[in-house]
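Enquirer: One file is attached below, input.pdb, containing PDB, C-alpha atoms.
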ATOM      1  CA  MET A  27      20.969   1.741  -3.579
ATOM      2  CA  THR A  28      19.280   1.083  -6.904
ATOM      3  CA  ALA A  29      15.598   0.381  -7.489
ATOM      4  CA  ILE A  30      14.574  -3.252  -7.537
ATOM      5  CA  ALA A  31      11.705  -4.097  -9.908
ATOM      6  CA  GLN A  32      10.504  -7.499 -11.027
ATOM      7  CA  THR A  33       6.735  -7.141 -11.413
ATOM      8  CA  ARG A  34       4.117  -4.469 -10.946
ATOM      9  CA  ILE A  35       5.629  -4.134  -7.478
ATOM     10  CA  ALA A  36       8.919  -2.258  -7.226
ATOM     11  CA  LEU A  37      11.252  -1.530  -4.341
ATOM     12  CA  LEU A  38      12.551   2.024  -4.588
ATOM     13  CA  PRO A  39      15.570   3.458  -2.795
ATOM     14  CA  PRO A  40      14.708   5.937  -0.041
ATOM     15  CA  ASP A  41      14.704   9.508  -1.337
ATOM     16  CA  VAL A  42      13.385  12.721   0.189
ATOM     17  CA  ILE A  43      11.389  13.395  -2.995
ATOM     18  CA  HIS A  44       8.876  10.866  -1.607
ATOM     19  CA  ALA A  45       8.449  12.584   1.783
ATOM     20  CA  GLU A  46       5.028  14.154   1.132
ATOM     21  CA  ARG A  47       3.567  10.939  -0.264
ATOM     22  CA  LEU A  48       5.108   8.804   2.480
ATOM     23  CA  PHE A  49       3.624  11.041   5.158
ATOM     24  CA  ALA A  50       0.219  10.941   3.449
ATOM     25  CA  LEU A  51       0.332   7.128   3.457
ATOM     26  CA  ILE A  52       1.212   7.032   7.140
ATOM     27  CA  ASP A  53      -1.448   9.608   7.978
ATOM     28  CA  GLU A  54      -4.233   7.825   6.070
ATOM     29  CA  SER A  55      -3.454   4.523   7.836
ATOM     30  CA  ARG A  56      -2.372   5.977  11.164
ATOM     31  CA  GLU A  57      -4.710   3.961  13.401
ATOM     32  CA  THR A  58      -3.875   0.613  11.809
ATOM     33  CA  LEU A  59      -0.120   1.253  11.683
ATOM     34  CA  ARG A  60      -0.036   2.651  15.215
ATOM     35  CA  ALA A  61      -1.124  -0.677  16.690
ATOM     36  CA  TRP A  62       2.254  -2.308  15.938
ATOM     37  CA  LEU A  63       4.665   0.469  14.930
ATOM     38  CA  PRO A  64       5.825   2.739  17.766
ATOM     39  CA  TRP A  65       7.245   5.432  15.462
ATOM     40  CA  VAL A  66       3.838   6.349  14.000
ATOM     41  CA  ASP A  67       2.936   8.696  16.877
ATOM     42  CA  ALA A  68       6.160  10.650  16.305
ATOM     43  CA  THR A  69       5.469  11.053  12.571
ATOM     44  CA  LEU A  70       3.395  14.230  12.587
ATOM     45  CA  SER A  71       4.378  15.987   9.365
ATOM     46  CA  ALA A  72       5.919  15.557   5.943
ATOM     47  CA  GLU A  73       9.081  17.041   7.465
ATOM     48  CA  ASP A  74       9.253  14.052   9.836
ATOM     49  CA  SER A  75       9.062  11.740   6.813
ATOM     50  CA  ARG A  76      11.682  13.825   4.994
ATOM     51  CA  GLN A  77      14.068  13.504   7.944
ATOM     52  CA  PHE A  78      13.444   9.753   8.105
ATOM     53  CA  LEU A  79      14.127   9.327   4.367
ATOM     54  CA  ALA A  80      17.225  11.547   4.504
ATOM     55  CA  GLY A  81      18.581   9.523   7.425
ATOM     56  CA  VAL A  82      17.924   6.191   5.744
ATOM     57  CA  ALA A  83      19.487   7.387   2.483
ATOM     58  CA  GLU A  84      22.563   8.648   4.347
ATOM     59  CA  GLY A  85      22.781   5.350   6.225
ATOM     60  CA  ALA A  86      22.716   3.453   2.937
ATOM     61  CA  ARG A  87      25.581   5.586   1.631
ATOM     62  CA  SER A  88      27.626   5.097   4.798
ATOM     63  CA  GLY A  89      27.045   1.346   5.039
ATOM     64  CA  SER A  90      24.707   1.273   8.039
ATOM     65  CA  ALA A  91      23.193  -1.884   9.472
ATOM     66  CA  CYS A  92      19.957  -1.314   7.563
ATOM     67  CA  ALA A  93      18.781  -1.694   3.975
ATOM     68  CA  SER A  94      15.501   0.128   3.291
ATOM     69  CA  TRP A  95      13.159   0.477   0.355
ATOM     70  CA  LEU A  96       9.879   2.164  -0.435
ATOM     71  CA  ILE A  97       7.265  -0.185  -1.875
ATOM     72  CA  ALA A  98       5.509   0.969  -5.040
ATOM     73  CA  LEU A  99       2.540  -0.693  -6.735
ATOM     74  CA  ASP A 100       2.177   0.288 -10.382
ATOM     75  CA  GLY A 101       4.246   3.403  -9.633
ATOM     76  CA  GLU A 102       2.190   4.462  -6.589
ATOM     77  CA  LEU A 103       3.855   4.494  -3.175
ATOM     78  CA  ALA A 104       2.275   1.807  -0.964
ATOM     79  CA  GLY A 105       4.543   1.309   2.075
ATOM     80  CA  CYS A 106       8.053   0.497   3.294
ATOM     81  CA  ILE A 107      10.208  -2.553   3.854
ATOM     82  CA  ASP A 108      13.657  -2.961   5.337
ATOM     83  CA  ILE A 109      16.228  -5.358   6.609
ATOM     84  CA  HIS A 110      17.480  -3.809   9.849
ATOM     85  CA  GLY A 111      19.741  -4.835  12.677
ATOM     86  CA  ILE A 112      22.146  -6.294  10.147
ATOM     87  CA  SER A 113      25.125  -8.055  11.689
ATOM     88  CA  LYS A 114      27.945  -8.443   9.192
ATOM     89  CA  LEU A 115      29.720 -10.728  11.660
ATOM     90  CA  HIS A 116      26.788 -13.137  11.933
ATOM     91  CA  ARG A 117      25.437 -12.399   8.431
ATOM     92  CA  SER A 118      21.934 -11.876   9.797
ATOM     93  CA  GLY A 119      19.224  -9.241  10.034
ATOM     94  CA  PHE A 120      15.535  -8.594  10.662
ATOM     95  CA  LEU A 121      12.851  -7.980   8.051
ATOM     96  CA  GLY A 122      10.369  -5.199   8.851
ATOM     97  CA  TYR A 123       7.487  -3.976   6.711
ATOM     98  CA  TRP A 124       4.250  -2.050   6.512
ATOM     99  CA  LEU A 125       1.617  -1.131   3.920
ATOM    100  CA  ALA A 126      -1.021   1.569   3.846
ATOM    101  CA  ASP A 127      -4.464   0.090   4.504
ATOM    102  CA  ARG A 128      -5.754   0.410   0.942
ATOM    103  CA  PHE A 129      -2.951  -1.803  -0.401
ATOM    104  CA  VAL A 130      -3.471  -4.659   2.059
ATOM    105  CA  GLY A 131      -4.869  -7.911   0.673
ATOM    106  CA  LYS A 132      -3.576  -7.427  -2.882
ATOM    107  CA  GLY A 133      -0.465  -9.599  -2.685
ATOM    108  CA  VAL A 134       1.777  -6.541  -2.495
ATOM    109  CA  MET A 135       3.658  -7.419   0.672
ATOM    110  CA  GLY A 136       4.428 -10.985  -0.333
ATOM    111  CA  GLU A 137       6.085  -9.852  -3.567
ATOM    112  CA  ALA A 138       7.833  -6.883  -1.922
ATOM    113  CA  ALA A 139       9.176  -9.146   0.821
ATOM    114  CA  ALA A 140      10.364 -11.693  -1.746
ATOM    115  CA  GLN A 141      12.312  -8.961  -3.532
ATOM    116  CA  ALA A 142      13.808  -7.751  -0.236
ATOM    117  CA  LEU A 143      14.770 -11.331   0.663
ATOM    118  CA  ASP A 144      16.413 -11.760  -2.751
ATOM    119  CA  ALA A 145      18.506  -8.673  -1.944
ATOM    120  CA  GLY A 146      19.197  -9.795   1.622
ATOM    121  CA  PHE A 147      20.351 -13.268   0.670
ATOM    122  CA  GLY A 148      21.959 -12.011  -2.547
ATOM    123  CA  THR A 149      23.625  -8.600  -2.553
ATOM    124  CA  LEU A 150      23.802  -8.302   1.237
ATOM    125  CA  GLU A 151      25.117 -11.880   1.551
ATOM    126  CA  LEU A 152      23.080 -12.643   4.662
ATOM    127  CA  ASN A 153      22.589 -16.220   5.836
ATOM    128  CA  ARG A 154      19.670 -15.612   8.223
ATOM    129  CA  ILE A 155      16.787 -13.159   8.198
ATOM    130  CA  ALA A 156      14.288 -13.047  11.056
ATOM    131  CA  ILE A 157      10.862 -11.484  11.470
ATOM    132  CA  LEU A 158       9.551 -10.435  14.866
ATOM    133  CA  ALA A 159       5.756  -9.996  14.882
ATOM    134  CA  GLY A 160       3.319  -9.483  17.711
ATOM    135  CA  VAL A 161       1.409 -12.672  18.540
ATOM    136  CA  ALA A 162      -1.826 -10.750  17.920
ATOM    137  CA  ASN A 163      -0.541  -9.167  14.678
ATOM    138  CA  ALA A 164      -2.242 -11.677  12.375
ATOM    139  CA  ARG A 165      -1.412  -9.855   9.134
ATOM    140  CA  SER A 166       2.312  -9.600   9.808
ATOM    141  CA  ARG A 167       2.473 -13.203  10.957
ATOM    142  CA  ALA A 168       0.599 -14.311   7.817
ATOM    143  CA  VAL A 169       3.245 -12.648   5.623
ATOM    144  CA  ALA A 170       6.003 -14.590   7.405
ATOM    145  CA  GLU A 171       4.102 -17.852   7.135
ATOM    146  CA  ARG A 172       3.175 -17.421   3.443
ATOM    147  CA  LEU A 173       6.844 -16.767   2.641
ATOM    148  CA  GLY A 174       7.825 -20.023   4.351
ATOM    149  CA  PHE A 175       9.559 -18.587   7.417
ATOM    150  CA  VAL A 176       9.962 -21.058  10.271
ATOM    151  CA  GLN A 177       8.393 -20.028  13.568
ATOM    152  CA  GLU A 178      11.138 -20.435  16.146
ATOM    153  CA  GLY A 179       9.090 -19.556  19.195
ATOM    154  CA  ALA A 180       7.646 -16.699  21.160
ATOM    155  CA  GLN A 181       9.354 -13.916  23.040
ATOM    156  CA  ARG A 182       7.404 -13.280  26.207
ATOM    157  CA  GLU A 183       6.680  -9.561  26.423
ATOM    158  CA  GLY A 184       9.149  -9.053  23.573
ATOM    159  CA  LEU A 185       7.506  -5.870  22.301
ATOM    160  CA  HIS A 186       6.771  -2.683  24.250
ATOM    161  CA  LEU A 187       4.131  -0.567  22.546
ATOM    162  CA  HIS A 188       2.128   2.343  23.943
ATOM    163  CA  GLY A 189       2.956   1.544  27.548
ATOM    164  CA  ARG A 190       2.140  -2.180  27.310
ATOM    165  CA  TYR A 191       4.157  -5.319  26.717
ATOM    166  CA  HIS A 192       3.144  -7.788  24.013
ATOM    167  CA  ASP A 193       4.311 -11.302  23.315
ATOM    168  CA  ALA A 194       6.008 -11.680  19.941
ATOM    169  CA  CYS A 195       6.547 -14.563  17.539
ATOM    170  CA  GLN A 196       9.991 -14.937  16.035
ATOM    171  CA  TYR A 197      10.359 -16.419  12.580
ATOM    172  CA  SER A 198      13.471 -17.046  10.518
ATOM    173  CA  MET A 199      14.547 -17.958   7.011
ATOM    174  CA  LEU A 200      17.991 -19.228   6.038
ATOM    175  CA  ALA A 201      19.664 -18.453   2.720
ATOM    176  CA  GLY A 202      19.615 -22.109   1.640
ATOM    177  CA  GLU A 203      15.900 -22.387   2.435
ATOM    178  CA  TRP A 204      15.140 -19.261   0.416
ATOM    179  CA  ARG A 205      17.173 -20.468  -2.562
ATOM    180  CA  ALA A 206      15.320 -23.809  -2.461
ATOM    181  CA  ARG A 207      11.976 -21.942  -2.604
ATOM    182  CA  ARG A 208      12.995 -19.749  -5.557
TER     183      ARG A 208
END
What does the file become when written as structure tokens?

Expert:
Amino acid sequence: MTAIAQTRIALLPPDVIHAERLFALIDESRETLRAWLPWVDATLSAEDSRQFLAGVAEGARSGSACASWLIALDGELAGCIDIHGISKLHRSGFLGYWLADRFVGKGVMGEAAAQALDAGFGTLELNRIAILAGVANARSRAVAERLGFVQEGAQREGLHLHGRYHDACQYSMLAGEWRARR
């Protein structure tokens, strides 16, 4: 997968050379990320990040049901974004994303998500991309809403995090809607 760059925000292909920095980002924002991302507690070392990046890179080479990128702001690693759960049959997938705390509120995620959506509706030829965000996850929901995703409804107890169930909002964007916005 090649790097995608349109502005000061670039989407980089997953590569193990970023493992140390990726782990540092996760570690510095651990409490915030942990609230909505169940994998954070299992990410305890740079080796965990290296294994994640190696697996994602291998998946990209083998045509897995996931397209992943690292988000960089002015060359500095800031977070991750992916389109996962891709169904080639239904031409659909789910957008997932996170940023380290110090990059939040700078417009980074909106631009990174727009680039990922361009790839999803372009290169990946998807027709539908959904976002599933906890009802109480105001920041993630705000990203979906700013991008123009349509809220389809709520999944009662649709997320299981840290031994508790949480209701989740489901949003979607169709290829034609995205093209009309661009």

Enquirer: Find the spatial neighbours of Pro64 in chain A, counting all atoms listed in the file, within a cut-off of 9 Å - ignore same-chain residues fewer than 4 positions away - and output them as a list in words.

Expert: Leu59, Arg60, Ala68, His186, Leu187 and His188 of chain A

Enquirer: Of the candidates A:Val82, A:Ala138, A:Leu63, A:Ala170, which shows the shortest atom-to-atom distance to Cys195 in chain A, using all atoms listed in the file?

Expert: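 Answer, going by the shortest atom-to-atom distance: A:Ala170.
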
Enquirer: Tell me which residues the PyMOL selection byres ((chain A and resi 122) around 10) grabs here, as an NGL selection string.

Expert: :A and (94 or 106-110 or 119-121 or 123-124 or 139 or 156-159 or 166)

Enquirer: Report, as JSON, the axis-aligned box around all atoms of range 57-62 of chain A present in the file, extended by 3 Å on each side; give centre and edge lengths in Å to one decimal place.

Expert:
{"center_x": -1.2, "center_y": 0.8, "center_z": 14.2, "size_x": 13.0, "size_y": 12.3, "size_z": 11.0}

Enquirer: Mind listing as number ranges by chain all residues within 9 Å of (7.3, 11.3, 8.1), counting all atoms listed in the file?

Expert: A: 45-46, 48-50, 52-53, 66, 68-79

Enquirer: Can those selected residues be exported to a file as an mmCIF file, keeping the file's coordinate frame so that it contains C-alpha atoms?

Expert:
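Saved file result_15.cif follows:
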data_model
loop_
_atom_site.group_PDB
_atom_site.id
_atom_site.type_symbol
_atom_site.label_atom_id
_atom_site.label_comp_id
_atom_site.auth_asym_id
_atom_site.auth_seq_id
_atom_site.Cartn_x
_atom_site.Cartn_y
_atom_site.Cartn_z
ATOM 1 C CA ALA A 45 8.449 12.584 1.783
ATOM 2 C CA GLU A 46 5.028 14.154 1.132
ATOM 3 C CA LEU A 48 5.108 8.804 2.480
ATOM 4 C CA PHE A 49 3.624 11.041 5.158
ATOM 5 C CA ALA A 50 0.219 10.941 3.449
ATOM 6 C CA ILE A 52 1.212 7.032 7.140
ATOM 7 C CA ASP A 53 -1.448 9.608 7.978
ATOM 8 C CA VAL A 66 3.838 6.349 14.000
ATOM 9 C CA ALA A 68 6.160 10.650 16.305
ATOM 10 C CA THR A 69 5.469 11.053 12.571
ATOM 11 C CA LEU A 70 3.395 14.230 12.587
ATOM 12 C CA SER A 71 4.378 15.987 9.365
ATOM 13 C CA ALA A 72 5.919 15.557 5.943
ATOM 14 C CA GLU A 73 9.081 17.041 7.465
ATOM 15 C CA ASP A 74 9.253 14.052 9.836
ATOM 16 C CA SER A 75 9.062 11.740 6.813
ATOM 17 C CA ARG A 76 11.682 13.825 4.994
ATOM 18 C CA GLN A 77 14.068 13.504 7.944
ATOM 19 C CA PHE A 78 13.444 9.753 8.105
ATOM 20 C CA LEU A 79 14.127 9.327 4.367
#

Enquirer: Enter the distance from CA of Gly160 in chain A to CA of Ile35 in chain A, in Å, rounded to one decimal.

Expert: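 If I compute the distance from CA of Gly160 in chain A to CA of Ile35 in chain A, I get 25.9 Å.
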
Enquirer: Please list as a PyMOL selection string every residue within 10 Å of Val134 in chain A, counting all atoms listed in the file and excluding residues in the same chain fewer than 6 positions away.

Expert: chain A and resi 34-36+97-99+104-105+125

Enquirer: Which residue gives the smallest distance to Asp127 in chain A among A:Arg165, A:Leu37, A:Arg208, A:Leu150, with all atoms listed in the file counted?

Expert: A:Arg165

Enquirer: The PyMOL selection byres ((chain A and resi 149) around 12) - which residues does that actually catch in the file I just gave you? List them as a list of chain:residue names.

Expert: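 Applied to this file, the PyMOL selection byres ((chain A and resi 149) around 12) selects A:Met27, A:Thr28, A:Ile30, A:Ala93, A:Arg117, A:Gln141, A:Ala142, A:Leu143, A:Asp144, A:Ala145, A:Gly146, A:Phe147, A:Gly148, A:Leu150, A:Glu151, A:Leu152, A:Asn153, A:Ala201.
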
Enquirer: Could you save the residues just selected, with C-alpha atoms, as a PDB file, keeping the file's coordinate frame?

Expert:
ATOM      1  CA  MET A  27      20.969   1.741  -3.579  1.00  0.00           C
ATOM      2  CA  THR A  28      19.280   1.083  -6.904  1.00  0.00           C
ATOM      3  CA  ILE A  30      14.574  -3.252  -7.537  1.00  0.00           C
ATOM      4  CA  ALA A  93      18.781  -1.694   3.975  1.00  0.00           C
ATOM      5  CA  ARG A 117      25.437 -12.399   8.431  1.00  0.00           C
ATOM      6  CA  GLN A 141      12.312  -8.961  -3.532  1.00  0.00           C
ATOM      7  CA  ALA A 142      13.808  -7.751  -0.236  1.00  0.00           C
ATOM      8  CA  LEU A 143      14.770 -11.331   0.663  1.00  0.00           C
ATOM      9  CA  ASP A 144      16.413 -11.760  -2.751  1.00  0.00           C
ATOM     10  CA  ALA A 145      18.506  -8.673  -1.944  1.00  0.00           C
ATOM     11  CA  GLY A 146      19.197  -9.795   1.622  1.00  0.00           C
ATOM     12  CA  PHE A 147      20.351 -13.268   0.670  1.00  0.00           C
ATOM     13  CA  GLY A 148      21.959 -12.011  -2.547  1.00  0.00           C
ATOM     14  CA  LEU A 150      23.802  -8.302   1.237  1.00  0.00           C
ATOM     15  CA  GLU A 151      25.117 -11.880   1.551  1.00  0.00           C
ATOM     16  CA  LEU A 152      23.080 -12.643   4.662  1.00  0.00           C
ATOM     17  CA  ASN A 153      22.589 -16.220   5.836  1.00  0.00           C
ATOM     18  CA  ALA A 201      19.664 -18.453   2.720  1.00  0.00           C
TER      19      ALA A 201
END

Enquirer: Between A:Trp62, A:Arg128, A:Gly101, A:Ser113, which is the closest to Ala194 in chain A once you count all atoms listed in the file?

Expert: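 Of all the options, A:Trp62 lies closest to Ala194 in chain A.
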
Enquirer: Quick one: distance from CA of Leu103 in chain A to CA of Ser55 in chain A in Å, one decimal?

Expert: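 Computing the Euclidean distance for CA of Leu103 in chain A and CA of Ser55 in chain A yields 13.2 Å.
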